[in-house]
Structures are given as C-alpha cells and as structure tokens.
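What follows is a short report on a single structure.
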Amino acid sequence: MTLQISRRRKQYLETAQTLLRAARTMADSAIAYQLKALADDHLRRAEKASHVDADFLTAERESEIWCKMSNHMWHATLVVLAVMALGRAHAHDYQHPELNGWYESLRSGKGPCCDGSDAKRVDDADWKTKDGHYRVRVDGEWVDVPNDAVVDGPNRAGRTMVWPYNLNGHPKARCFMPGSMG
C-alpha cells in the first residue's frame with residue numbers, strides 16, 4: 001500500500017506541475033490565477049497523500065481513492081484544455097475573420113502583441129496624447145504608453161486597442177495601437 005500511496009502523491013504532484021506550466025503560458029491573469037489555485041490544491045492533496053497511514057487504507061478504500069484521483073486528474077486536464085481553447089476562441093473579431101492573420105502578426109518594440117486574446121478595445125474617451133506620448137485608461141487607471149509599445153503600421157481594425165499586463169498591481173501597456181478618433 002505504501003507504494004500505491006506514493007504513486008498517488010506523485011500523480012498529484014505531476015498534475016500540479018502541469019497546471020503551473022499552463023498558468024505560466026496564460027496571458028489572461030485571471031485564468032492564470034485560477035490555474036495556480038488548482039495547482040495549489042493538488043499540492044495540498046499530494047502532501048496529504050504522503051501523510052496518510054497506509055495501514056488505515058483497505059483495498060476497497062484504496063480503489064475508491066484511485067477512482068476519485070483519476071477523476072480529479074481528468075478534470076484538471078479538461079480545465080487546462082478548455083482554458084487554452086477559450087483563450088484561442090476569443091482571439092479575434094468574429095465579424096472580421098479575414099483579419100485573423102493580421103492580428104497574429106502585430107508586434108511592438110516589446111515583442112509580439114499575442115494573438116489578440118488579451119487585447120482590449122479602447123473607447124475614444126479612454127485614450128489621448130500628452131506631451132507627444134499616448135496615454136490610455138486601463139481598468140480605470142491612466143497608463144503612459146512607452147514609445148516602444150506603440151504598434152507601427154496601419155490599423156486595419158480601425159478601433160483603438162491595448163494589450164495590457166499587470167506589474168506590481170498596476171496595468172502597463174505591452175502593445176498599443178491607436179484608432180481613428182471620431
């Protein structure tokens with residue numbers, strides 16, 4: 001039984017590692033946070049599994065635990081796959097699928113803007129220029145856009161967009177593409 005308990009612990013640890021790897025690839029911080037929470041839960045389960053008294057487990061109870069653990073692993077796998085699929089599904093403007101390749105090609109001096117899955121549309125009232133630089137309101141906070149975050153080239157979508165990320169609890173602009181005010 002000790003061997004089987006250590007296997008159970010190992011499977012929980014492997015699932016936790018998979019969830020953490022998936023969280024690191026997520027551009028959406030809310031989804032990444034949820035994946036990290038699931039990973040923490042699996043780490044706690046692994047720790048608990050390592051402390052279970054092997055003599056206490058009967059063959060029937062052990063079988064039940066294995067069944068439940070398999071269900072948890074399948075649920076975790078399904079969550080990761082669903083999150084990844086949803087991230088791609090929201091990537092572009094559904095009304096203009098011909099722009100998908102353009103969205104995927106967008107880059108600023110800070111690197112690729114991603115595939116549009118984490119882009120936010122910006123209303124005209126939420127962006128402006130100040131002293132020759134762009135400013136954009138993200139989640140209610142005005143953010144100075146660094147020059148190297150501005151995407152060069154024509155804006156084929158027409159609307160202003162920002163690809164934000166959070167640093168020390170404040171939004172920053174990874175990429176910014178001005179639209180046509182008016």
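Letters A, B, ... mark the chains of the structure tokens in the order given; residue numbers begin at 1 per chain; ligand numbers begin at 1, in order shown.
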Handout entry: Shell of 9 Å around A:Glu47, only C-alpha atoms, local chain residues under 6 positions omitted, as a list in words
Key = Arg9, Tyr12 and Leu13 of chain A
Exercise for the section: Considering only C-alpha atoms, return as a ChimeraX atom specification whatever protein or nucleic-acid residues lie within 9 Å of stretch 154-167 of chain A, sequence-local ones (same chain, fewer than 4 positions apart) excluded. Expected result: /A:27-29,93,96,99,102-103,113-114,116-124,127,136,138,171-181
